[in-house]
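**Student:** The structure file model.pdb (PDB, C-alpha atoms) is provided below.
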```
MODEL        1
ATOM      1  CA  MET H   1     400.967 -32.871 178.047  1.00  0.00           C
ATOM      2  CA  GLU H   2     401.509 -32.470 181.759  1.00  0.00           C
ATOM      3  CA  THR H   3     403.998 -34.856 183.378  1.00  0.00           C
ATOM      4  CA  LEU H   4     402.479 -38.291 183.815  1.00  0.00           C
ATOM      5  CA  GLY H   5     402.720 -40.370 186.969  1.00  0.00           C
ATOM      6  CA  ASP H   6     403.950 -43.959 186.983  1.00  0.00           C
ATOM      7  CA  ARG H   7     400.467 -45.464 186.643  1.00  0.00           C
ATOM      8  CA  GLN H   8     399.500 -42.955 183.948  1.00  0.00           C
ATOM      9  CA  ARG H   9     402.652 -43.760 181.958  1.00  0.00           C
ATOM     10  CA  ALA H  10     401.925 -47.479 182.258  1.00  0.00           C
ATOM     11  CA  LEU H  11     398.365 -47.003 181.011  1.00  0.00           C
ATOM     12  CA  PHE H  12     399.534 -44.725 178.195  1.00  0.00           C
ATOM     13  CA  SER H  13     402.112 -47.293 177.136  1.00  0.00           C
ATOM     14  CA  ALA H  14     399.454 -50.017 177.195  1.00  0.00           C
ATOM     15  CA  PHE H  15     397.198 -47.859 175.024  1.00  0.00           C
ATOM     16  CA  LEU H  16     399.960 -47.276 172.479  1.00  0.00           C
ATOM     17  CA  THR H  17     400.631 -51.016 172.367  1.00  0.00           C
ATOM     18  CA  GLU H  18     396.948 -51.901 172.052  1.00  0.00           C
ATOM     19  CA  PRO H  19     395.013 -48.733 171.089  1.00  0.00           C
ATOM     20  CA  THR H  20     391.474 -49.864 171.860  1.00  0.00           C
ATOM     21  CA  LEU H  21     388.580 -47.760 173.101  1.00  0.00           C
ATOM     22  CA  ALA H  22     388.568 -49.674 176.385  1.00  0.00           C
ATOM     23  CA  ARG H  23     392.226 -48.840 177.048  1.00  0.00           C
ATOM     24  CA  LEU H  24     391.625 -45.203 176.083  1.00  0.00           C
ATOM     25  CA  GLN H  25     388.716 -45.038 178.521  1.00  0.00           C
ATOM     26  CA  THR H  26     390.841 -46.496 181.344  1.00  0.00           C
ATOM     27  CA  LEU H  27     393.620 -44.007 180.622  1.00  0.00           C
ATOM     28  CA  LEU H  28     391.297 -40.980 180.525  1.00  0.00           C
ATOM     29  CA  LEU H  29     389.820 -41.849 183.913  1.00  0.00           C
ATOM     30  CA  GLU H  30     393.328 -41.541 185.421  1.00  0.00           C
ATOM     31  CA  LEU H  31     394.119 -38.152 183.853  1.00  0.00           C
ATOM     32  CA  SER H  32     393.416 -34.631 185.025  1.00  0.00           C
ATOM     33  CA  GLU H  33     391.102 -32.418 182.971  1.00  0.00           C
ATOM     34  CA  LYS H  34     394.084 -30.635 181.394  1.00  0.00           C
ATOM     35  CA  GLN H  35     395.740 -33.946 180.533  1.00  0.00           C
ATOM     36  CA  ARG H  36     392.494 -35.234 179.012  1.00  0.00           C
ATOM     37  CA  CYS H  37     392.220 -32.129 176.844  1.00  0.00           C
ATOM     38  CA  ASP H  38     395.789 -32.505 175.614  1.00  0.00           C
ATOM     39  CA  LEU H  39     395.467 -36.215 174.914  1.00  0.00           C
ATOM     40  CA  LEU H  40     392.117 -35.998 173.125  1.00  0.00           C
ATOM     41  CA  ALA H  41     393.384 -33.052 171.104  1.00  0.00           C
ATOM     42  CA  LEU H  42     396.384 -35.097 170.045  1.00  0.00           C
ATOM     43  CA  LEU H  43     394.154 -37.996 169.016  1.00  0.00           C
ATOM     44  CA  SER H  44     391.739 -35.698 167.218  1.00  0.00           C
ATOM     45  CA  VAL H  45     394.277 -33.893 165.065  1.00  0.00           C
ATOM     46  CA  SER H  46     396.202 -37.067 164.268  1.00  0.00           C
ATOM     47  CA  SER H  47     393.360 -39.573 163.788  1.00  0.00           C
ATOM     48  CA  ASN H  48     394.312 -40.038 160.133  1.00  0.00           C
ATOM     49  CA  GLN H  49     397.800 -41.091 161.222  1.00  0.00           C
ATOM     50  CA  ALA H  50     396.699 -43.395 164.037  1.00  0.00           C
ATOM     51  CA  ALA H  51     396.622 -46.597 162.038  1.00  0.00           C
ATOM     52  CA  THR H  52     400.191 -46.101 160.799  1.00  0.00           C
ATOM     53  CA  ASN H  53     401.765 -44.596 163.918  1.00  0.00           C
ATOM     54  CA  PHE H  54     400.663 -47.280 166.348  1.00  0.00           C
ATOM     55  CA  PRO H  55     402.841 -50.408 166.397  1.00  0.00           C
ATOM     56  CA  ARG H  56     401.826 -52.976 163.826  1.00  0.00           C
ATOM     57  CA  PRO H  57     400.291 -56.062 165.394  1.00  0.00           C
ATOM     58  CA  ASN H  58     401.832 -59.469 165.123  1.00  0.00           C
ATOM     59  CA  ARG H  59     399.653 -62.500 164.484  1.00  0.00           C
ATOM     60  CA  THR H  60     398.498 -62.727 168.083  1.00  0.00           C
ATOM     61  CA  GLU H  61     397.508 -59.038 168.055  1.00  0.00           C
ATOM     62  CA  SER H  62     395.402 -59.137 164.888  1.00  0.00           C
ATOM     63  CA  ALA H  63     392.161 -58.834 166.847  1.00  0.00           C
ATOM     64  CA  SER H  64     393.440 -55.697 168.620  1.00  0.00           C
ATOM     65  CA  HIS H  65     394.458 -54.170 165.280  1.00  0.00           C
ATOM     66  CA  SER H  66     390.975 -54.847 163.929  1.00  0.00           C
ATOM     67  CA  THR H  67     389.422 -53.131 166.963  1.00  0.00           C
ATOM     68  CA  ASN H  68     391.677 -50.088 166.548  1.00  0.00           C
ATOM     69  CA  THR H  69     390.818 -49.826 162.862  1.00  0.00           C
ATOM     70  CA  GLN H  70     387.121 -49.896 163.748  1.00  0.00           C
ATOM     71  CA  ASN H  71     387.614 -47.121 166.324  1.00  0.00           C
ATOM     72  CA  VAL H  72     389.476 -44.906 163.845  1.00  0.00           C
ATOM     73  CA  ASN H  73     386.853 -45.578 161.178  1.00  0.00           C
ATOM     74  CA  GLN H  74     384.099 -44.732 163.682  1.00  0.00           C
ATOM     75  CA  ILE H  75     385.705 -41.323 164.326  1.00  0.00           C
ATOM     76  CA  LYS H  76     386.023 -40.671 160.596  1.00  0.00           C
ATOM     77  CA  GLN H  77     382.427 -41.782 159.997  1.00  0.00           C
ATOM     78  CA  GLN H  78     381.131 -39.458 162.716  1.00  0.00           C
ATOM     79  CA  THR H  79     382.974 -36.559 161.092  1.00  0.00           C
ATOM     80  CA  VAL H  80     381.642 -37.384 157.616  1.00  0.00           C
ATOM     81  CA  GLU H  81     378.097 -37.768 158.903  1.00  0.00           C
ATOM     82  CA  SER H  82     378.184 -34.470 160.778  1.00  0.00           C
ATOM     83  CA  GLN H  83     379.412 -32.703 157.650  1.00  0.00           C
ATOM     84  CA  ARG H  84     376.747 -34.335 155.481  1.00  0.00           C
ATOM     85  CA  GLU H  85     374.002 -33.356 157.868  1.00  0.00           C
ATOM     86  CA  LEU H  86     375.399 -29.823 157.947  1.00  0.00           C
ATOM     87  CA  GLU H  87     375.187 -29.603 154.170  1.00  0.00           C
ATOM     88  CA  ALA H  88     371.608 -30.890 154.204  1.00  0.00           C
ATOM     89  CA  HIS H  89     370.501 -28.302 156.762  1.00  0.00           C
ATOM     90  CA  GLU H  90     372.246 -25.499 154.929  1.00  0.00           C
ATOM     91  CA  ALA H  91     370.474 -26.520 151.722  1.00  0.00           C
ATOM     92  CA  ALA H  92     367.145 -26.499 153.538  1.00  0.00           C
ATOM     93  CA  GLY H  93     367.920 -23.120 155.086  1.00  0.00           C
ATOM     94  CA  THR H  94     367.138 -24.341 158.593  1.00  0.00           C
ATOM     95  CA  ALA H  95     368.451 -22.574 161.687  1.00  0.00           C
ATOM     96  CA  PRO H  96     368.035 -23.091 165.413  1.00  0.00           C
ATOM     97  CA  ASP H  97     365.402 -21.320 167.434  1.00  0.00           C
ATOM     98  CA  GLN H  98     366.357 -18.106 169.187  1.00  0.00           C
ATOM     99  CA  PHE H  99     369.372 -19.028 171.271  1.00  0.00           C
ATOM    100  CA  SER H 100     368.891 -19.514 174.981  1.00  0.00           C
ATOM    101  CA  SER H 101     370.612 -21.946 177.297  1.00  0.00           C
ATOM    102  CA  SER H 102     368.572 -24.948 178.371  1.00  0.00           C
ATOM    103  CA  MET H 103     369.465 -28.033 180.380  1.00  0.00           C
ATOM    104  CA  PRO H 104     367.125 -31.038 180.769  1.00  0.00           C
ATOM    105  CA  ALA H 105     366.389 -32.129 184.318  1.00  0.00           C
ATOM    106  CA  GLY H 106     368.899 -34.688 185.547  1.00  0.00           C
ATOM    107  CA  VAL H 107     371.487 -33.812 182.900  1.00  0.00           C
ATOM    108  CA  ALA H 108     374.746 -31.994 183.618  1.00  0.00           C
ATOM    109  CA  LEU H 109     377.039 -30.689 180.883  1.00  0.00           C
ATOM    110  CA  THR H 110     380.357 -28.914 181.313  1.00  0.00           C
ATOM    111  CA  VAL H 111     382.233 -27.489 178.333  1.00  0.00           C
ATOM    112  CA  THR H 112     385.765 -26.128 178.487  1.00  0.00           C
ATOM    113  CA  PRO H 113     386.970 -24.314 175.353  1.00  0.00           C
ATOM    114  CA  GLN H 114     390.663 -24.458 174.605  1.00  0.00           C
ATOM    115  CA  ILE H 115     392.800 -23.285 171.698  1.00  0.00           C
ATOM    116  CA  ILE H 116     395.700 -25.591 170.836  1.00  0.00           C
ATOM    117  CA  ASP H 117     398.073 -24.592 168.030  1.00  0.00           C
ATOM    118  CA  GLY H 118     395.436 -22.274 166.596  1.00  0.00           C
ATOM    119  CA  GLN H 119     392.710 -24.962 166.645  1.00  0.00           C
ATOM    120  CA  LEU H 120     389.601 -24.515 168.781  1.00  0.00           C
ATOM    121  CA  PHE H 121     388.572 -27.494 170.908  1.00  0.00           C
ATOM    122  CA  PHE H 122     385.686 -28.078 173.293  1.00  0.00           C
ATOM    123  CA  HIS H 123     386.427 -30.555 176.058  1.00  0.00           C
ATOM    124  CA  TYR H 124     383.064 -31.693 177.386  1.00  0.00           C
ATOM    125  CA  THR H 125     381.686 -33.912 180.111  1.00  0.00           C
ATOM    126  CA  LEU H 126     378.062 -35.052 179.930  1.00  0.00           C
ATOM    127  CA  GLU H 127     376.507 -36.674 183.007  1.00  0.00           C
ATOM    128  CA  ASN H 128     373.158 -38.433 183.243  1.00  0.00           C
ATOM    129  CA  GLN H 129     371.802 -38.032 186.760  1.00  0.00           C
ATOM    130  CA  SER H 130     368.244 -38.964 185.815  1.00  0.00           C
ATOM    131  CA  LYS H 131     366.508 -42.324 186.130  1.00  0.00           C
ATOM    132  CA  ASP H 132     366.211 -42.667 182.342  1.00  0.00           C
ATOM    133  CA  THR H 133     368.715 -44.016 179.853  1.00  0.00           C
ATOM    134  CA  LEU H 134     369.633 -41.292 177.368  1.00  0.00           C
ATOM    135  CA  LEU H 135     370.691 -41.759 173.760  1.00  0.00           C
ATOM    136  CA  THR H 136     373.458 -39.356 172.762  1.00  0.00           C
ATOM    137  CA  ASP H 137     373.269 -39.680 168.989  1.00  0.00           C
ATOM    138  CA  ILE H 138     376.166 -37.791 167.406  1.00  0.00           C
ATOM    139  CA  LEU H 139     373.958 -36.774 164.474  1.00  0.00           C
ATOM    140  CA  ARG H 140     371.793 -34.795 166.907  1.00  0.00           C
ATOM    141  CA  LEU H 141     374.762 -32.759 168.111  1.00  0.00           C
ATOM    142  CA  ARG H 142     374.998 -29.361 166.428  1.00  0.00           C
ATOM    143  CA  LEU H 143     377.220 -26.321 166.680  1.00  0.00           C
ATOM    144  CA  PHE H 144     376.238 -22.840 165.548  1.00  0.00           C
ATOM    145  CA  ASP H 145     377.847 -19.467 165.395  1.00  0.00           C
ATOM    146  CA  ARG H 146     375.990 -16.631 167.063  1.00  0.00           C
ATOM    147  CA  VAL H 147     373.967 -15.716 163.963  1.00  0.00           C
ATOM    148  CA  GLY H 148     372.743 -19.288 163.515  1.00  0.00           C
ATOM    149  CA  ASN H 149     375.097 -20.677 160.872  1.00  0.00           C
ATOM    150  CA  ARG H 150     375.656 -24.393 161.259  1.00  0.00           C
ATOM    151  CA  LEU H 151     379.291 -25.428 161.784  1.00  0.00           C
ATOM    152  CA  ALA H 152     381.121 -28.614 160.838  1.00  0.00           C
ATOM    153  CA  PHE H 153     383.183 -30.334 163.536  1.00  0.00           C
ATOM    154  CA  LYS H 154     385.237 -33.395 164.430  1.00  0.00           C
ATOM    155  CA  ILE H 155     384.756 -35.356 167.616  1.00  0.00           C
ATOM    156  CA  ASN H 156     386.466 -37.980 169.758  1.00  0.00           C
ATOM    157  CA  ARG H 157     384.467 -39.320 172.678  1.00  0.00           C
ATOM    158  CA  ALA H 158     384.364 -42.082 175.256  1.00  0.00           C
ATOM    159  CA  SER H 159     382.151 -43.071 178.167  1.00  0.00           C
ATOM    160  CA  ARG H 160     382.802 -44.394 181.641  1.00  0.00           C
ATOM    161  CA  ASP H 161     380.637 -47.460 180.936  1.00  0.00           C
ATOM    162  CA  GLY H 162     382.123 -48.079 177.509  1.00  0.00           C
ATOM    163  CA  TYR H 163     378.822 -47.548 175.653  1.00  0.00           C
ATOM    164  CA  ILE H 164     379.230 -44.819 173.055  1.00  0.00           C
ATOM    165  CA  GLY H 165     375.931 -43.114 172.275  1.00  0.00           C
ATOM    166  CA  ARG H 166     374.060 -44.345 175.344  1.00  0.00           C
ATOM    167  CA  LEU H 167     374.118 -42.976 178.874  1.00  0.00           C
ATOM    168  CA  GLU H 168     372.527 -45.012 181.623  1.00  0.00           C
ATOM    169  CA  THR H 169     371.713 -43.605 185.058  1.00  0.00           C
ATOM    170  CA  ASN H 170     374.853 -42.056 186.606  1.00  0.00           C
ATOM    171  CA  GLY H 171     376.659 -42.559 183.312  1.00  0.00           C
ATOM    172  CA  VAL H 172     379.324 -40.104 182.152  1.00  0.00           C
ATOM    173  CA  GLU H 173     380.423 -39.332 178.594  1.00  0.00           C
ATOM    174  CA  TYR H 174     383.406 -37.161 177.816  1.00  0.00           C
ATOM    175  CA  GLY H 175     385.208 -36.126 174.707  1.00  0.00           C
ATOM    176  CA  LEU H 176     386.786 -33.461 172.559  1.00  0.00           C
ATOM    177  CA  ILE H 177     385.179 -31.495 169.729  1.00  0.00           C
ATOM    178  CA  GLY H 178     387.370 -29.756 167.157  1.00  0.00           C
ATOM    179  CA  ILE H 179     386.015 -26.738 165.241  1.00  0.00           C
ATOM    180  CA  ASP H 180     387.752 -24.702 162.535  1.00  0.00           C
ATOM    181  CA  VAL H 181     386.328 -21.262 163.309  1.00  0.00           C
ATOM    182  CA  ASP H 182     387.414 -17.971 164.805  1.00  0.00           C
ATOM    183  CA  GLU H 183     384.463 -16.840 166.896  1.00  0.00           C
ATOM    184  CA  GLU H 184     383.966 -15.273 170.306  1.00  0.00           C
ATOM    185  CA  VAL H 185     380.754 -17.183 171.044  1.00  0.00           C
ATOM    186  CA  LEU H 186     379.444 -20.546 169.818  1.00  0.00           C
ATOM    187  CA  VAL H 187     376.235 -22.389 170.621  1.00  0.00           C
ATOM    188  CA  LEU H 188     376.178 -26.120 171.299  1.00  0.00           C
ATOM    189  CA  GLU H 189     372.847 -27.883 170.844  1.00  0.00           C
ATOM    190  CA  TRP H 190     372.258 -31.581 171.509  1.00  0.00           C
ATOM    191  CA  LYS H 191     368.910 -33.305 171.169  1.00  0.00           C
ATOM    192  CA  LEU H 192     369.102 -36.205 173.587  1.00  0.00           C
ATOM    193  CA  VAL H 193     366.474 -38.944 173.422  1.00  0.00           C
ATOM    194  CA  ILE H 194     365.032 -40.990 176.277  1.00  0.00           C
ATOM    195  CA  GLN H 195     365.451 -44.653 175.433  1.00  0.00           C
ATOM    196  CA  GLY H 196     362.140 -46.494 175.236  1.00  0.00           C
ATOM    197  CA  SER H 197     359.748 -43.545 175.084  1.00  0.00           C
ATOM    198  CA  GLY H 198     361.667 -41.667 172.392  1.00  0.00           C
ATOM    199  CA  ALA H 199     360.957 -38.380 174.185  1.00  0.00           C
ATOM    200  CA  PRO H 200     363.434 -35.655 173.164  1.00  0.00           C
ATOM    201  CA  GLN H 201     365.490 -33.706 175.679  1.00  0.00           C
ATOM    202  CA  LEU H 202     366.914 -30.491 174.224  1.00  0.00           C
ATOM    203  CA  LEU H 203     370.255 -29.401 175.627  1.00  0.00           C
ATOM    204  CA  ARG H 204     371.558 -26.011 174.553  1.00  0.00           C
ATOM    205  CA  MET H 205     374.538 -24.055 175.818  1.00  0.00           C
ATOM    206  CA  GLU H 206     376.239 -20.823 174.790  1.00  0.00           C
ATOM    207  CA  VAL H 207     380.012 -21.140 175.044  1.00  0.00           C
ATOM    208  CA  GLN H 208     382.290 -18.129 175.407  1.00  0.00           C
ATOM    209  CA  ILE H 209     385.608 -18.566 173.593  1.00  0.00           C
ATOM    210  CA  PRO H 210     388.692 -17.304 175.485  1.00  0.00           C
TER
ENDMDL
END
```
Show the structure stored in the file as structure tokens.
**Tutor:**
Amino acid sequence: METLGDRQRALFSAFLTEPTLARLQTLLLELSEKQRCDLLALLSVSSNQAATNFPRPNRTESASHSTNTQNVNQIKQQTVESQRELEAHEAAGTAPDQFSSSMPAGVALTVTPQIIDGQLFFHYTLENQSKDTLLTDILRLRLFDRVGNRLAFKINRASRDGYIGRLETNGVEYGLIGIDVDEEVLVLEWKLVIQGSGAPQLLRMEVQIP
């Protein structure tokens, strides 16, 4: 990672001592985009080691340990669910409509592809600039290669407001998606849902791989 400033080092140290989602969110807000990519990549590729690498809690830290375990389990569950849904769609032979980029009104998505140690990662930022609260269900996030084959992925994500899976007005979600493929172009598709009405908002973006 890039050299950290004094405040960034303090926040990073606090996160290592008490690795909760809230501390991760606070740390990410202080980092540059490159630093965020590096940190989220590190967390993504080492999520299975997180519970053993972080300092073991003493009796007064048992609640923090429980929170960290839940966060790690949430990441693993999201990965398992995405892979299960992938298998179901492959069995059904479903494929996305003809690819074309689309962006719902009031929604802004930026995706930065990056290859780290041979692994492809998408660092993304999703902003809700509309008046509606949007549900960002991870099971509605899909990745395809250019011919329409569904791809499995892993994801780590956080939000500025601390609500994973829900973006209120002016809310921002950011995270890192890991994909084990060697492609020049991938398509990201996310079916967002307006809370209350249940109206779908289809977000689709073609991403060029460097």
**Student:** Please list as a VMD selection string every residue within 8 Å of Arg160 in chain H, counting only C-alpha atoms and excluding residues in the same chain fewer than 2 positions away.
**Tutor:** chain H and resid 25 29 158 162 to 163 171 to 173
**Student:** Convert the output of the PyMOL selection byres ((chain H and resi 157) around 8) on the shown file into explicit residues, formatted as a list of chain:residue names.
**Tutor:**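 Given this file, the PyMOL selection byres ((chain H and resi 157) around 8) evaluates to H:Ile155, H:Asn156, H:Ala158, H:Ser159, H:Ile164, H:Glu173, H:Tyr174, H:Gly175, H:Leu176.
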**Student:** Take the selection from the previous step and output its residues with C-alpha atoms, as a compact mmCIF listing (two decimals), in the frame of the given file.
**Tutor:**
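Resulting contents of again04.txt:
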```txt
# COMPACT_ATOMS: atom_id res chain seq x y z
CA ILE H 155 384.76 -35.36 167.62
CA ASN H 156 386.47 -37.98 169.76
CA ALA H 158 384.36 -42.08 175.26
CA SER H 159 382.15 -43.07 178.17
CA ILE H 164 379.23 -44.82 173.06
CA GLU H 173 380.42 -39.33 178.59
CA TYR H 174 383.41 -37.16 177.82
CA GLY H 175 385.21 -36.13 174.71
CA LEU H 176 386.79 -33.46 172.56
```
**Student:** Quick check on the file I pasted: which residues fall under the PyMOL selection byres ((chain H and resi 128) around 9)? Write them as a list in words.
**Tutor:**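 Applied to this file, the PyMOL selection byres ((chain H and resi 128) around 9) returns Gly106, Val107, Ala108, Leu109, Leu126, Glu127, Gln129, Ser130, Lys131, Asp132, Thr133, Leu134, Leu167, Glu168, Thr169, Asn170, Gly171, Val172 and Glu173 of chain H.
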**Student:** Could you check how far CA of Leu39 in chain H sits from CA of Arg146 in chain H, in Å to one decimal?
**Tutor:**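 Separation of CA of Leu39 in chain H and CA of Arg146 in chain H: 28.7 Å.
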**Student:** Could you tell me which residues the PyMOL selection byres ((chain H and resi 205-209) around 6) returns for this structure, as a list of chain:residue names?
**Tutor:**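 For this structure, the PyMOL selection byres ((chain H and resi 205-209) around 6) resolves to H:Ser101, H:Glu184, H:Val185, H:Leu186, H:Val187, H:Leu188, H:Arg204, H:Pro210.
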**Student:** Give me the residues within 8 Å of Arg23 in chain H as a short mmCIF file (atom, residue, chain, number, x, y, z; two decimals) with C-alpha atoms, in the frame of the given file, counting all atoms listed in the file and dropping any in the same chain fewer than 4 places off.
**Tutor:**
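Final output, selection-v3.cif:
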```
data_model
loop_
_atom_site.label_atom_id
_atom_site.label_comp_id
_atom_site.auth_asym_id
_atom_site.auth_seq_id
_atom_site.Cartn_x
_atom_site.Cartn_y
_atom_site.Cartn_z
CA LEU H 11 398.36 -47.00 181.01
CA ALA H 14 399.45 -50.02 177.20
CA PHE H 15 397.20 -47.86 175.02
CA GLU H 18 396.95 -51.90 172.05
CA PRO H 19 395.01 -48.73 171.09
CA LEU H 27 393.62 -44.01 180.62
#
```
**Student:** Considering only C-alpha atoms, state which residue in the set H:Ala199, H:Ile116, H:Ala10, H:Leu16 is at the smallest distance from Asp38 in chain H.
**Tutor:** H:Ile116
**Student:** Do you know which residues are at most 10 Å from Glu30 in chain H counting all atoms listed in the file, after dropping those on the same chain fewer than 2 positions away, and could you put them as a list in words?
**Tutor:** Leu4, Gly5, Arg7, Gln8, Leu11, Gln25, Thr26, Leu27, Leu28, Ser32, Glu33, Gln35 and Arg36 of chain H
**Student:** Output the selection as a PDB file, keeping the file's coordinate frame - C-alpha atoms for each residue.
**Tutor:**
```
ATOM      1  CA  LEU H   4     402.479 -38.291 183.815  1.00  0.00           C
ATOM      2  CA  GLY H   5     402.720 -40.370 186.969  1.00  0.00           C
ATOM      3  CA  ARG H   7     400.467 -45.464 186.643  1.00  0.00           C
ATOM      4  CA  GLN H   8     399.500 -42.955 183.948  1.00  0.00           C
ATOM      5  CA  LEU H  11     398.365 -47.003 181.011  1.00  0.00           C
ATOM      6  CA  GLN H  25     388.716 -45.038 178.521  1.00  0.00           C
ATOM      7  CA  THR H  26     390.841 -46.496 181.344  1.00  0.00           C
ATOM      8  CA  LEU H  27     393.620 -44.007 180.622  1.00  0.00           C
ATOM      9  CA  LEU H  28     391.297 -40.980 180.525  1.00  0.00           C
ATOM     10  CA  SER H  32     393.416 -34.631 185.025  1.00  0.00           C
ATOM     11  CA  GLU H  33     391.102 -32.418 182.971  1.00  0.00           C
ATOM     12  CA  GLN H  35     395.740 -33.946 180.533  1.00  0.00           C
ATOM     13  CA  ARG H  36     392.494 -35.234 179.012  1.00  0.00           C
TER      14      ARG H  36
END
```
**Student:** Hey, which of H:Leu135, H:Val193, H:Leu151, H:Ile179 ends up closest to Arg166 in chain H? Count only C-alpha atoms.
**Tutor:** H:Leu135
**Student:** If I take CA of Leu202 in chain H and CA of Gly178 in chain H, how far is one from the other in Å, to one decimal?
**Tutor:**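 Result for CA of Leu202 in chain H versus CA of Gly178 in chain H: 21.7 Å, one decimal.
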**Student:** Which is closer to Lys154 in chain H than all the others in H:Ile115, H:Leu40, H:Ser102, H:Gly196, using all atoms listed in the file?
**Tutor:**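 Answer, going by the shortest atom-to-atom distance: H:Leu40.
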**Student:** Provide the CA of Pro113 in chain H to CA of Thr136 in chain H distance in Å, to one decimal place.
**Tutor:**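 Result for CA of Pro113 in chain H versus CA of Thr136 in chain H: 20.4 Å, one decimal.
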**Student:** Looking at all atoms listed in the file, which of H:Phe153, H:Ile177, H:Glu183, H:Asp6 is the one that sits closest to His123 in chain H?
**Tutor:**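 Checking each candidate against His123 in chain H, we get H:Ile177 as the closest.
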